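Report on one structure; see the data block that follows.
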Amino acid sequence: MERIKDKQKKAFEKLKDQFSYKNVMQAPRLTKVVVSTGVGKIKTDKRKVELIPEKLAVITGQKPSLRPAKKSIATFKVREGQISGYQVTLRGERMYDFLDRLVNIALPRTRDFRGINLSGVDEMGNYTLGIRENTIFPETADEDLKDVFGMAVTVVTTSKTKVETEAFLKLLGFPFKK
């Protein structure tokens, strides 16, 4: 199985005719992957709030940083400074390892998986994917099925357009819907 890091190195050769690249530095590259999750309604249950960063650290291989609420919103029962979520920014080898596990192991384990949507690509060349259950990763224990949380995975690239990002991610092996 070829790694995403190796596929990225070959991206210039495969995309240069399609996008008329003249230099290797014009080819898109992965810069970082941001994995974030919110605590939502469970913010009152201390045990579950402490469980989320532990599982996120096991999944990503890096300790998450907490994200406090920027301002109080009475409708959502949120106070300023209260923990509203956790975030991990992956770069370098950890980023490539995480993406390899996500694309080749975790996503195919999703129930009724038929591919991921192309609608997650934004105009600035980034791709955001929502994952409903953390249990698709093999690192998480299946016995804690009551403590399931979702997360958002944002893949940040250097590509300039939406079309360029779609072609680059397909080349890396992301399983998009047909």
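If you're wondering about the labels, chains in the structure tokens are A, B, ... by order shown, residues count from 1 in each chain, ligands from 1 in order shown.
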Residue neighbourhood Thr165 (chain A), 8 Å, only C-alpha atoms, exclusion window fewer than 2 positions, as an MDAnalysis selection string | chainID A and resid 28 121 125:127 157 159:163 167:169
With a distance cut-off of 8 Å and only C-alpha atoms, select the neighbouring residues of region 2-5 of chain A, excluding the residue or stretch itself and same-chain residues fewer than 3 positions from it, and output the selection as a list in words. Gln8, Lys9, Tyr96, Leu99, Asp100, Leu172 and Gly173 of chain A
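Pairwise distance (CA of Glu139 (chain A), CA of Pro53 (chain A)) equals 13.8 Å.
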Judged by only C-alpha atoms, the minimum distance to Tyr86 (chain A) among A:Arg101, A:Lys55, A:Lys14, A:Arg114 is found for A:Lys55
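Take the candidates A:Val78, A:Ala106, A:Val153, A:Ala27 and check each one against Gly120 (chain A) using only C-alpha atoms; the shortest distance goes to A:Val153.
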- Item | Selected residue of minimal separation from Glu123 (chain A) among A:Ile136, A:Met95, A:Ile105, A:Val156, counting only C-alpha atoms |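 When distances to Glu123 (chain A) are compared using only C-alpha atoms, the smallest one comes from A:Val156.
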Taking the DSSP secondary structure from the backbone, can you list the residues of region 2-172 of chain A that are strand (DSSP E), as a VMD selection string?
chain A and resid 30 to 38 65 to 68 83 to 90 126 to 131 151 to 157
Keeping only N, CA and C atoms, write those residues as an mmCIF file, in the first residue's frame.
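Saved result, result.cif, follows:
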data_model
loop_
_atom_site.group_PDB
_atom_site.id
_atom_site.type_symbol
_atom_site.label_atom_id
_atom_site.label_comp_id
_atom_site.auth_asym_id
_atom_site.auth_seq_id
_atom_site.Cartn_x
_atom_site.Cartn_y
_atom_site.Cartn_z
ATOM 1 N N LEU A 30 0.004 19.126 1.070
ATOM 2 C CA LEU A 30 -0.709 19.154 2.338
ATOM 3 C C LEU A 30 0.097 19.996 3.318
ATOM 4 N N THR A 31 -0.568 20.916 4.031
ATOM 5 C CA THR A 31 0.159 21.714 5.018
ATOM 6 C C THR A 31 -0.158 21.266 6.436
ATOM 7 N N LYS A 32 -1.445 21.019 6.724
ATOM 8 C CA LYS A 32 -1.806 20.560 8.063
ATOM 9 C C LYS A 32 -3.169 19.898 8.039
ATOM 10 N N VAL A 33 -3.460 19.166 9.105
ATOM 11 C CA VAL A 33 -4.768 18.555 9.315
ATOM 12 C C VAL A 33 -5.239 18.982 10.692
ATOM 13 N N VAL A 34 -6.452 19.540 10.757
ATOM 14 C CA VAL A 34 -7.021 19.999 12.026
ATOM 15 C C VAL A 34 -8.189 19.083 12.380
ATOM 16 N N VAL A 35 -8.111 18.448 13.535
ATOM 17 C CA VAL A 35 -9.182 17.582 14.035
ATOM 18 C C VAL A 35 -9.816 18.306 15.213
ATOM 19 N N SER A 36 -11.112 18.594 15.123
ATOM 20 C CA SER A 36 -11.777 19.324 16.203
ATOM 21 C C SER A 36 -13.083 18.651 16.566
ATOM 22 N N THR A 37 -13.474 18.829 17.818
ATOM 23 C CA THR A 37 -14.734 18.287 18.310
ATOM 24 C C THR A 37 -15.301 19.223 19.361
ATOM 25 N N GLY A 38 -16.594 19.275 19.439
ATOM 26 C CA GLY A 38 -17.269 20.087 20.448
ATOM 27 C C GLY A 38 -17.789 19.204 21.565
ATOM 28 N N SER A 65 -5.777 20.617 22.407
ATOM 29 C CA SER A 65 -5.876 21.850 23.195
ATOM 30 C C SER A 65 -7.352 22.174 23.360
ATOM 31 N N LEU A 66 -7.703 22.707 24.525
ATOM 32 C CA LEU A 66 -9.117 23.000 24.760
ATOM 33 C C LEU A 66 -9.472 24.353 24.171
ATOM 34 N N ARG A 67 -10.714 24.462 23.741
ATOM 35 C CA ARG A 67 -11.221 25.688 23.135
ATOM 36 C C ARG A 67 -12.327 26.251 24.010
ATOM 37 N N PRO A 68 -12.063 27.377 24.695
ATOM 38 C CA PRO A 68 -13.099 27.983 25.537
ATOM 39 C C PRO A 68 -14.084 28.800 24.700
ATOM 40 N N ILE A 83 -15.449 25.465 28.631
ATOM 41 C CA ILE A 83 -14.919 24.622 27.569
ATOM 42 C C ILE A 83 -16.028 24.302 26.574
ATOM 43 N N SER A 84 -15.789 24.636 25.291
ATOM 44 C CA SER A 84 -16.794 24.340 24.269
ATOM 45 C C SER A 84 -16.314 23.270 23.292
ATOM 46 N N GLY A 85 -15.023 22.937 23.312
ATOM 47 C CA GLY A 85 -14.531 21.898 22.424
ATOM 48 C C GLY A 85 -13.039 21.688 22.570
ATOM 49 N N TYR A 86 -12.515 20.774 21.740
ATOM 50 C CA TYR A 86 -11.095 20.449 21.721
ATOM 51 C C TYR A 86 -10.617 20.429 20.279
ATOM 52 N N GLN A 87 -9.325 20.729 20.096
ATOM 53 C CA GLN A 87 -8.776 20.792 18.754
ATOM 54 C C GLN A 87 -7.339 20.290 18.739
ATOM 55 N N VAL A 88 -6.991 19.576 17.666
ATOM 56 C CA VAL A 88 -5.639 19.076 17.468
ATOM 57 C C VAL A 88 -5.191 19.506 16.077
ATOM 58 N N THR A 89 -4.005 20.105 15.975
ATOM 59 C CA THR A 89 -3.427 20.461 14.683
ATOM 60 C C THR A 89 -2.246 19.541 14.417
ATOM 61 N N LEU A 90 -2.334 18.765 13.342
ATOM 62 C CA LEU A 90 -1.294 17.796 13.000
ATOM 63 C C LEU A 90 -0.490 18.287 11.802
ATOM 64 N N ASN A 126 -9.361 23.918 0.796
ATOM 65 C CA ASN A 126 -9.341 23.052 1.980
ATOM 66 C C ASN A 126 -10.507 22.076 1.890
ATOM 67 N N TYR A 127 -10.368 20.937 2.563
ATOM 68 C CA TYR A 127 -11.439 19.947 2.573
ATOM 69 C C TYR A 127 -11.812 19.631 4.017
ATOM 70 N N THR A 128 -13.107 19.708 4.324
ATOM 71 C CA THR A 128 -13.588 19.405 5.668
ATOM 72 C C THR A 128 -14.526 18.215 5.610
ATOM 73 N N LEU A 129 -14.279 17.263 6.494
ATOM 74 C CA LEU A 129 -15.040 16.027 6.551
ATOM 75 C C LEU A 129 -15.616 15.855 7.947
ATOM 76 N N GLY A 130 -16.883 15.583 8.049
ATOM 77 C CA GLY A 130 -17.505 15.328 9.338
ATOM 78 C C GLY A 130 -17.567 13.837 9.614
ATOM 79 N N ILE A 131 -17.144 13.449 10.806
ATOM 80 C CA ILE A 131 -17.195 12.041 11.218
ATOM 81 C C ILE A 131 -18.158 11.954 12.386
ATOM 82 N N MET A 151 -16.546 14.310 15.191
ATOM 83 C CA MET A 151 -15.440 15.243 15.018
ATOM 84 C C MET A 151 -15.415 15.743 13.580
ATOM 85 N N ALA A 152 -14.726 16.846 13.388
ATOM 86 C CA ALA A 152 -14.532 17.404 12.060
ATOM 87 C C ALA A 152 -13.047 17.329 11.727
ATOM 88 N N VAL A 153 -12.737 16.849 10.533
ATOM 89 C CA VAL A 153 -11.359 16.750 10.080
ATOM 90 C C VAL A 153 -11.201 17.704 8.905
ATOM 91 N N THR A 154 -10.321 18.700 9.046
ATOM 92 C CA THR A 154 -10.066 19.658 7.982
ATOM 93 C C THR A 154 -8.669 19.424 7.431
ATOM 94 N N VAL A 155 -8.596 19.161 6.127
ATOM 95 C CA VAL A 155 -7.328 18.949 5.441
ATOM 96 C C VAL A 155 -6.991 20.248 4.723
ATOM 97 N N VAL A 156 -5.907 20.906 5.146
ATOM 98 C CA VAL A 156 -5.507 22.188 4.579
ATOM 99 C C VAL A 156 -4.425 21.945 3.533
ATOM 100 N N THR A 157 -4.663 22.444 2.315
ATOM 101 C CA THR A 157 -3.716 22.282 1.216
ATOM 102 C C THR A 157 -3.255 23.641 0.701
#
